[in-house]
$ cat start-v2.csv   # CSV, C-alpha atoms
chain,number,residue,atom,x,y,z
A,1,MET,CA,112.7,-27.7,44.9
A,2,THR,CA,109.8,-27.3,42.4
A,3,GLU,CA,108.2,-29.8,40.1
A,4,LYS,CA,107.5,-29.3,36.4
A,5,LYS,CA,104.8,-31.5,34.8
A,6,ILE,CA,105.4,-32.1,31.1
A,7,THR,CA,102.5,-33.5,29.0
A,8,THR,CA,102.2,-34.5,25.4
A,9,LYS,CA,98.9,-34.4,23.6
A,10,VAL,CA,98.2,-37.6,21.6
A,11,ARG,CA,95.0,-37.9,19.6
A,12,VAL,CA,93.8,-41.5,19.3
A,13,CYS,CA,91.7,-42.4,16.2
A,14,PHE,CA,91.1,-45.1,13.6
A,15,TYR,CA,92.0,-45.3,9.9
A,16,ASN,CA,88.5,-44.3,8.8
A,17,GLU,CA,88.8,-41.0,10.7
A,18,LEU,CA,91.9,-39.9,8.9
A,19,THR,CA,92.0,-37.5,6.0
A,20,GLU,CA,92.6,-38.9,2.5
A,21,GLU,CA,96.2,-37.6,2.6
A,22,GLN,CA,96.8,-39.2,6.0
A,23,LYS,CA,95.4,-42.5,4.8
A,24,LYS,CA,97.7,-42.4,1.7
A,25,LEU,CA,100.7,-42.0,4.0
A,26,VAL,CA,99.6,-44.8,6.3
A,27,ASP,CA,99.1,-47.1,3.3
A,28,LEU,CA,102.5,-46.3,1.9
A,29,ALA,CA,104.1,-46.8,5.3
A,30,ARG,CA,102.5,-50.2,5.6
A,31,GLU,CA,103.6,-51.1,2.1
A,32,ALA,CA,107.2,-49.9,2.9
A,33,THR,CA,107.5,-52.5,5.7
A,34,SER,CA,107.9,-55.1,2.9
A,35,HIS,CA,111.1,-53.3,1.9
A,36,SER,CA,112.6,-53.7,5.3
A,37,TYR,CA,115.7,-55.8,5.8
A,38,ALA,CA,115.4,-56.9,9.5
A,39,PRO,CA,116.8,-60.5,9.7
A,40,TYR,CA,118.0,-59.9,13.3
A,41,SER,CA,115.2,-58.2,15.0
A,42,ASN,CA,112.3,-59.3,12.7
A,43,PHE,CA,110.8,-55.9,13.5
A,44,HIS,CA,110.0,-54.3,10.1
A,45,VAL,CA,109.4,-50.6,10.2
A,46,GLY,CA,107.9,-48.6,7.3
A,47,ALA,CA,107.6,-44.8,7.0
A,48,ALA,CA,106.1,-42.4,4.5
A,49,LEU,CA,106.7,-38.7,4.7
A,50,MET,CA,105.3,-35.8,2.8
A,51,LEU,CA,107.0,-32.5,2.1
A,52,ASP,CA,105.2,-29.2,1.9
A,53,ASN,CA,105.8,-29.4,-1.9
A,54,GLY,CA,103.7,-32.6,-2.0
A,55,GLU,CA,106.6,-35.0,-2.7
A,56,ILE,CA,106.4,-38.2,-0.8
A,57,PHE,CA,109.3,-40.4,0.3
A,58,ILE,CA,109.1,-43.9,1.8
A,59,GLY,CA,111.7,-45.6,4.0
A,60,ALA,CA,112.2,-49.0,5.7
A,61,ASN,CA,114.6,-50.1,8.4
A,62,GLN,CA,117.8,-51.7,7.2
A,63,GLU,CA,119.8,-53.9,9.6
A,64,ASN,CA,123.2,-55.6,9.4
A,65,ALA,CA,125.3,-57.9,11.5
A,66,ALA,CA,127.3,-55.1,13.0
A,67,PHE,CA,124.0,-53.5,14.3
A,68,ALA,CA,124.8,-50.3,12.4
A,69,GLY,CA,121.6,-50.1,10.4
A,70,ILE,CA,119.2,-47.3,9.9
A,71,CYS,CA,115.6,-46.8,11.0
A,72,GLY,CA,112.8,-46.6,8.5
A,73,GLU,CA,111.9,-43.1,9.6
A,74,ARG,CA,115.4,-41.7,9.1
A,75,SER,CA,115.9,-43.5,5.8
A,76,ALA,CA,112.8,-41.6,4.4
A,77,LEU,CA,113.8,-38.3,6.1
A,78,TYR,CA,117.4,-38.3,4.8
A,79,ALA,CA,116.3,-39.3,1.3
A,80,ALA,CA,113.9,-36.3,1.3
A,81,GLY,CA,116.6,-34.0,2.7
A,82,ALA,CA,119.1,-35.2,0.0
A,83,LYS,CA,116.7,-34.6,-2.8
A,84,TYR,CA,115.1,-31.4,-1.5
A,85,PRO,CA,117.5,-29.7,0.9
A,86,GLY,CA,115.7,-27.1,3.0
A,87,GLU,CA,112.2,-28.2,2.0
A,88,THR,CA,109.8,-28.4,5.0
A,89,VAL,CA,108.5,-31.8,6.1
A,90,LYS,CA,104.7,-31.7,6.6
A,91,CYS,CA,104.0,-35.1,8.1
A,92,VAL,CA,105.2,-38.6,8.5
A,93,ALA,CA,103.4,-41.9,9.0
A,94,ILE,CA,105.1,-44.8,10.8
A,95,THR,CA,104.1,-48.4,11.2
A,96,ALA,CA,105.7,-51.7,12.1
A,97,GLU,CA,105.2,-55.4,11.4
A,98,THR,CA,106.4,-58.4,13.2
A,99,LYS,CA,105.6,-62.1,13.1
A,100,GLY,CA,103.6,-61.6,9.9
A,101,GLY,CA,101.3,-58.9,11.1
A,102,TYR,CA,101.2,-55.2,12.0
A,103,VAL,CA,102.0,-54.4,15.6
A,104,GLU,CA,98.8,-53.9,17.7
A,105,GLU,CA,99.9,-50.7,19.4
A,106,PRO,CA,101.2,-47.8,17.3
A,107,THR,CA,105.0,-47.6,17.2
A,108,ALA,CA,106.8,-44.4,18.1
A,109,PRO,CA,110.2,-43.4,16.6
A,110,CYS,CA,113.4,-44.1,18.6
A,111,GLY,CA,115.3,-41.3,20.3
A,112,VAL,CA,117.7,-40.9,17.5
A,113,CYS,CA,114.9,-40.5,15.0
A,114,ARG,CA,113.1,-38.1,17.3
A,115,GLN,CA,116.2,-35.9,17.4
A,116,ALA,CA,116.6,-36.1,13.6
A,117,PHE,CA,113.0,-35.0,13.0
A,118,LEU,CA,113.3,-32.3,15.7
A,119,GLU,CA,116.1,-30.7,13.7
A,120,PHE,CA,114.0,-30.8,10.5
A,121,GLU,CA,111.2,-28.8,12.3
A,122,LYS,CA,112.5,-25.6,10.7
A,123,ASN,CA,111.2,-22.0,11.3
A,124,GLY,CA,108.6,-23.2,13.9
A,125,HIS,CA,107.0,-25.5,11.3
A,126,PRO,CA,106.0,-28.7,13.2
A,127,ILE,CA,105.9,-32.1,11.6
A,128,GLN,CA,102.8,-34.1,12.3
A,129,PHE,CA,103.3,-37.8,13.2
A,130,ILE,CA,100.8,-40.5,12.3
A,131,LEU,CA,101.7,-43.6,14.3
A,132,ALA,CA,99.7,-46.5,13.0
A,133,GLY,CA,99.1,-49.7,14.8
A,134,GLN,CA,97.0,-52.6,13.7
A,135,GLU,CA,93.8,-50.6,14.2
A,136,LYS,CA,94.5,-47.7,16.6
A,137,ILE,CA,96.3,-44.7,15.3
A,138,TYR,CA,98.1,-41.9,17.3
A,139,LEU,CA,98.3,-38.4,15.9
A,140,VAL,CA,101.1,-36.3,17.4
A,141,ASP,CA,101.5,-32.6,16.5
A,142,SER,CA,105.3,-32.3,16.4
A,143,ALA,CA,108.6,-33.9,17.0
A,144,ALA,CA,109.1,-31.6,19.9
A,145,SER,CA,106.0,-33.2,21.5
A,146,LEU,CA,107.6,-36.6,21.1
A,147,MET,CA,110.8,-35.4,22.7
A,148,PRO,CA,110.2,-33.1,25.7
A,149,LEU,CA,113.3,-31.5,27.2
A,150,SER,CA,115.1,-32.1,23.9
A,151,PHE,CA,118.5,-30.7,22.9
A,152,THR,CA,117.8,-27.7,20.7
A,153,GLU,CA,121.0,-25.6,21.1
A,154,PHE,CA,122.1,-25.9,17.4

$ encode --input "start-v2.csv" --output "structure tokens"
Amino acid sequence: MTEKKITTKVRVCFYNELTEEQKKLVDLAREATSHSYAPYSNFHVGAALMLDNGEIFIGANQENAAFAGICGERSALYAAGAKYPGETVKCVAITAETKGGYVEEPTAPCGVCRQAFLEFEKNGHPIQFILAGQEKIYLVDSAASLMPLSFTEF
């Protein structure tokens, strides 16, 4: 038996260390949390993604009593895909709010969202993730980095 070690590089920074473009996406993601409908979990997720053509889409999680809602990240991703099919996603900022304030630690996307973003990483073009907590921000270079040993036979 052999062992394989899998690592993911995560850069930790603060808001003032981001580029203007990254700050804009974090600001829009934070604003998008107010569009969340989360009466069951009270966990409000906002996302803002930018396509290579410069278009920006925001999304917020939407819950319902049957627990068949959609995450904020995928709501932005699918809106972008519907309007600009085949366009490359450049980066996405994600943040969350609960109990009236932003979560302290950066929030990472769920497994379903990770798989969805992985399938949008077309032609070897990685999507940068900006995961924003209250103060600390994680920068991750790709969806593949967030989901090692992912299903890619499609």

$ residues_around --input "start-v2.csv" --residues "Leu51 (chain A)" --least-positions-apart "3" --cutoff "12 Å" --atoms "only C-alpha atoms" --output "list in words"
Glu21, Leu25, Ala48, Gly54, Glu55, Ile56, Phe57, Ile58, Ala76, Leu77, Ala79, Ala80, Gly81, Lys83, Tyr84, Pro85, Gly86, Glu87, Thr88, Val89, Lys90, Cys91, Val92, Phe120, Glu121, His125, Pro126, Ile127 and Gln128 of chain A

$ closest_residue --input "start-v2.csv" --among "A:Ala60, A:Leu28, A:Leu131, A:Met147" --to "Glu119 (chain A)" --atoms "only C-alpha atoms"
A:Met147

$ closest_residue --input "start-v2.csv" --among "A:Glu3, A:Asp27, A:Asp52, A:Glu97" --to "Ile130 (chain A)" --atoms "only C-alpha atoms"
A:Asp27

$ closest_residue --input "start-v2.csv" --among "A:Ala38, A:Ala82, A:Leu49, A:Val140" --to "Lys99 (chain A)" --atoms "only C-alpha atoms"
A:Ala38

$ closest_residue --input "start-v2.csv" --among "A:Gln62, A:Ser145, A:Gly69, A:Cys113" --to "Thr8 (chain A)" --atoms "only C-alpha atoms"
A:Ser145

$ residues_around --input "start-v2.csv" --residues "Ile137 (chain A)" --least-positions-apart "3" --cutoff "10 Å" --atoms "only C-alpha atoms" --output "count of residues only"
22

$ closest_residue --input "start-v2.csv" --among "A:Arg30, A:Met1, A:Gly101, A:Gln22" --to "Asn42 (chain A)" --atoms "all atoms listed in the file"
A:Gly101

$ residues_near_point --input "start-v2.csv" --point "(122.0, -57.3, 8.9)" --cutoff "12 Å" --atoms "only C-alpha atoms" --output "list in words"
Ser36, Tyr37, Ala38, Pro39, Tyr40, Ser41, Asn42, Asn61, Gln62, Glu63, Asn64, Ala65, Ala66, Phe67, Ala68, Gly69 and Ile70 of chain A

$ atom_distance --input "start-v2.csv" --atom1 "CA of Gly124 (chain A)" --atom2 "CA of Phe151 (chain A)"
15.3 Å

$ closest_residue --input "start-v2.csv" --among "A:Tyr138, A:Tyr102, A:Phe43, A:Phe129" --to "Arg114 (chain A)" --atoms "all atoms listed in the file"
A:Phe129

$ build_atoms --input "start-v2.csv" --residues "region 54-81 of chain A" --atoms "N, CA and C atoms" --output "short mmCIF file (atom, residue, chain, number, x, y, z; two decimals), keeping the file's coordinate frame"
data_model
loop_
_atom_site.label_atom_id
_atom_site.label_comp_id
_atom_site.auth_asym_id
_atom_site.auth_seq_id
_atom_site.Cartn_x
_atom_site.Cartn_y
_atom_site.Cartn_z
N GLY A 54 104.49 -31.46 -1.59
CA GLY A 54 103.70 -32.60 -2.00
C GLY A 54 104.46 -33.85 -2.35
N GLU A 55 105.77 -33.77 -2.42
CA GLU A 55 106.60 -35.00 -2.70
C GLU A 55 106.51 -35.91 -1.51
N ILE A 56 106.48 -37.21 -1.82
CA ILE A 56 106.40 -38.20 -0.80
C ILE A 56 107.61 -39.15 -0.89
N PHE A 57 108.16 -39.50 0.26
CA PHE A 57 109.30 -40.40 0.30
C PHE A 57 108.95 -41.54 1.29
N ILE A 58 109.35 -42.76 0.93
CA ILE A 58 109.10 -43.90 1.80
C ILE A 58 110.50 -44.37 2.32
N GLY A 59 110.47 -45.05 3.44
CA GLY A 59 111.70 -45.60 4.00
C GLY A 59 111.35 -46.88 4.77
N ALA A 60 112.34 -47.73 4.93
CA ALA A 60 112.20 -49.00 5.70
C ALA A 60 113.50 -49.22 6.44
N ASN A 61 113.41 -49.81 7.61
CA ASN A 61 114.60 -50.10 8.40
C ASN A 61 115.51 -51.08 7.66
N GLN A 62 116.81 -50.88 7.81
CA GLN A 62 117.80 -51.70 7.20
C GLN A 62 118.84 -52.11 8.23
N GLU A 63 118.91 -53.40 8.58
CA GLU A 63 119.80 -53.90 9.60
C GLU A 63 121.05 -54.53 8.98
N ASN A 64 122.07 -54.73 9.81
CA ASN A 64 123.20 -55.60 9.40
C ASN A 64 123.79 -56.22 10.63
N ALA A 65 124.70 -57.15 10.42
CA ALA A 65 125.30 -57.90 11.50
C ALA A 65 126.03 -57.10 12.53
N ALA A 66 126.52 -55.95 12.13
CA ALA A 66 127.30 -55.10 13.00
C ALA A 66 126.31 -54.17 13.84
N PHE A 67 125.01 -54.32 13.63
CA PHE A 67 124.00 -53.50 14.30
C PHE A 67 124.22 -52.01 14.02
N ALA A 68 124.62 -51.71 12.80
CA ALA A 68 124.80 -50.30 12.40
C ALA A 68 123.88 -49.97 11.27
N GLY A 69 122.64 -50.34 11.43
CA GLY A 69 121.60 -50.10 10.40
C GLY A 69 121.03 -48.71 10.53
N ILE A 70 119.90 -48.54 9.87
CA ILE A 70 119.20 -47.30 9.90
C ILE A 70 117.69 -47.56 10.07
N CYS A 71 117.03 -46.70 10.81
CA CYS A 71 115.60 -46.80 11.00
C CYS A 71 114.83 -46.42 9.76
N GLY A 72 113.62 -46.94 9.61
CA GLY A 72 112.80 -46.60 8.50
C GLY A 72 112.47 -45.11 8.39
N GLU A 73 112.24 -44.50 9.55
CA GLU A 73 111.90 -43.10 9.60
C GLU A 73 113.02 -42.21 9.04
N ARG A 74 114.23 -42.49 9.53
CA ARG A 74 115.40 -41.70 9.10
C ARG A 74 115.75 -41.97 7.64
N SER A 75 115.54 -43.19 7.17
CA SER A 75 115.90 -43.50 5.80
C SER A 75 114.97 -42.61 4.86
N ALA A 76 113.70 -42.45 5.21
CA ALA A 76 112.80 -41.60 4.40
C ALA A 76 113.19 -40.11 4.60
N LEU A 77 113.48 -39.71 5.84
CA LEU A 77 113.80 -38.30 6.10
C LEU A 77 115.09 -37.88 5.40
N TYR A 78 116.11 -38.72 5.44
CA TYR A 78 117.40 -38.30 4.80
C TYR A 78 117.29 -38.38 3.29
N ALA A 79 116.49 -39.28 2.74
CA ALA A 79 116.30 -39.30 1.30
C ALA A 79 115.61 -37.99 0.85
N ALA A 80 114.61 -37.57 1.61
CA ALA A 80 113.90 -36.30 1.30
C ALA A 80 114.87 -35.13 1.43
N GLY A 81 115.67 -35.13 2.48
CA GLY A 81 116.60 -34.00 2.70
C GLY A 81 117.69 -33.99 1.62
#
